[in-house]
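Taking it in order: structure first as structure tokens, then the write-up.
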Amino acid sequence: LESQLTNLNCEIKTAKGENSELTKRNQSLILTVEDLNQKQEAASNAINNMTGIVDMKEGQIKALESEKDQLVVTASDVEERLRKTEEEKEELGKKYGESWRSRQHALASIKELQSEVQKSNITINELSKCKSNLESQL
């Protein structure tokens, strides 16, 4: 019984160590999610700012179209401005999408770790009960 008790104590220590490691990993992923949330917010702010710039540039384009009788503006100049604006808008959209996907992945990892922590806690509780049972039999 003493060897069983010793083995159970070792298993409990191992399970507690694993639980501690999982808790640390969980904390690290939480910090990663917070960092990704900040990056996502920054990307969202950048998109909002770029949307304002896009709106402003679209307004400039409309002004140029209304003044085309007075000014000599070639169609290729306007198309180039529009293309660059759309490229900038698409680039920010891609950055926002990447940030969102990274955040979703981190959240899924946290859920997995939380599940593992729960399993470890159940194992620790079961081992503690076994230890108590063995100690009471001694």
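Residues are named by chain letter and number: chains run A, B, ... in the order of the structure tokens, numbers start at 1 in each chain, and ligands are numbered from 1 in the order shown.
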
Next item on the list: Please identify all polymer residues within 12 Å of Gly97 (chain A), counting only C-alpha atoms, omitting same-chain residues fewer than 2 positions from it, and present them as a list in words.
Entry: Leu36, Lys39, Gln40, Ala43, Ser44, Ile47, Glu90, Glu91, Leu92, Gly93, Lys94, Lys95, Ser99, Trp100, Arg101, Ser102, Arg103 and Gln104 of chain A

Next item on the list: Extract, using only C-alpha atoms, all DNA, RNA and protein residues at most 12 Å from region 118-122 of chain A, discarding same-chain residues fewer than 6 positions from it, and format them as a ChimeraX atom specification.
Entry: /A:11-23,111-112,128-129

Selection export as a short mmCIF file (atom, residue, chain, number, x, y, z; two decimals), in the first residue's frame, atoms kept: N, CA and C atoms:
data_model
loop_
_atom_site.label_atom_id
_atom_site.label_comp_id
_atom_site.auth_asym_id
_atom_site.auth_seq_id
_atom_site.Cartn_x
_atom_site.Cartn_y
_atom_site.Cartn_z
N GLU A 11 1.98 10.63 -9.09
CA GLU A 11 1.02 10.95 -10.14
C GLU A 11 0.34 12.28 -9.86
N ILE A 12 0.02 12.53 -8.61
CA ILE A 12 -0.61 13.80 -8.25
C ILE A 12 0.34 14.96 -8.52
N LYS A 13 1.61 14.80 -8.12
CA LYS A 13 2.59 15.86 -8.39
C LYS A 13 2.74 16.09 -9.89
N THR A 14 2.79 15.01 -10.66
CA THR A 14 2.91 15.14 -12.11
C THR A 14 1.69 15.85 -12.69
N ALA A 15 0.52 15.45 -12.24
CA ALA A 15 -0.72 16.07 -12.74
C ALA A 15 -0.76 17.55 -12.36
N LYS A 16 -0.32 17.87 -11.14
CA LYS A 16 -0.30 19.28 -10.72
C LYS A 16 0.70 20.07 -11.57
N GLY A 17 1.84 19.45 -11.87
CA GLY A 17 2.83 20.12 -12.73
C GLY A 17 2.27 20.36 -14.12
N GLU A 18 1.59 19.34 -14.67
CA GLU A 18 0.98 19.50 -15.99
C GLU A 18 -0.09 20.57 -15.94
N ASN A 19 -0.87 20.58 -14.87
CA ASN A 19 -1.92 21.58 -14.72
C ASN A 19 -1.30 22.98 -14.67
N SER A 20 -0.19 23.11 -13.96
CA SER A 20 0.50 24.40 -13.86
C SER A 20 1.01 24.84 -15.24
N GLU A 21 1.58 23.89 -15.99
CA GLU A 21 2.07 24.22 -17.32
C GLU A 21 0.92 24.65 -18.24
N LEU A 22 -0.18 23.92 -18.15
CA LEU A 22 -1.34 24.27 -18.98
C LEU A 22 -1.88 25.64 -18.59
N THR A 23 -1.86 25.93 -17.31
CA THR A 23 -2.32 27.25 -16.85
C THR A 23 -1.42 28.34 -17.40
N LYS A 111 -9.51 27.55 -25.80
CA LYS A 111 -10.58 26.61 -25.45
C LYS A 111 -10.03 25.20 -25.26
N GLU A 112 -9.10 24.80 -26.14
CA GLU A 112 -8.48 23.48 -26.01
C GLU A 112 -7.71 23.37 -24.68
N SER A 128 -6.58 12.21 -5.70
CA SER A 128 -6.66 12.62 -4.29
C SER A 128 -7.64 11.72 -3.54
N LYS A 129 -8.76 11.36 -4.18
CA LYS A 129 -9.73 10.47 -3.56
C LYS A 129 -9.11 9.09 -3.33
#

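Ranking A:Glu65, A:Val54, A:Gln38, A:Leu107 by their shortest atom-to-atom distance to Arg83 (chain A), with only C-alpha atoms included, puts A:Val54 first.
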
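Distances here use only C-alpha atoms; by that measure, the residue among A:Gln114, A:Ser136, A:Thr32, A:Ser109 closest to Leu1 (chain A) is A:Ser136.
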
Notebook entry, point to check: Using only C-alpha atoms, which of the listed residues (A:Val117, A:Tyr96, A:Thr123, A:Asn133) sits closest to Asn48 (chain A)?
Noted result: A:Tyr96

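Computed from the coordinates, the CA of Gly59 (chain A) to CA of Glu88 (chain A) distance equals 16.6 Å.
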
Checklist line | Separation of CA of Leu113 (chain A) from CA of Gln27 (chain A), in Å and rounded to one decimal | finding: 9.8 Å

Next item on the list: To one decimal in Å, tell me the separation between CA of Leu29 (chain A) and CA of Glu41 (chain A).
Entry: 17.9 Å
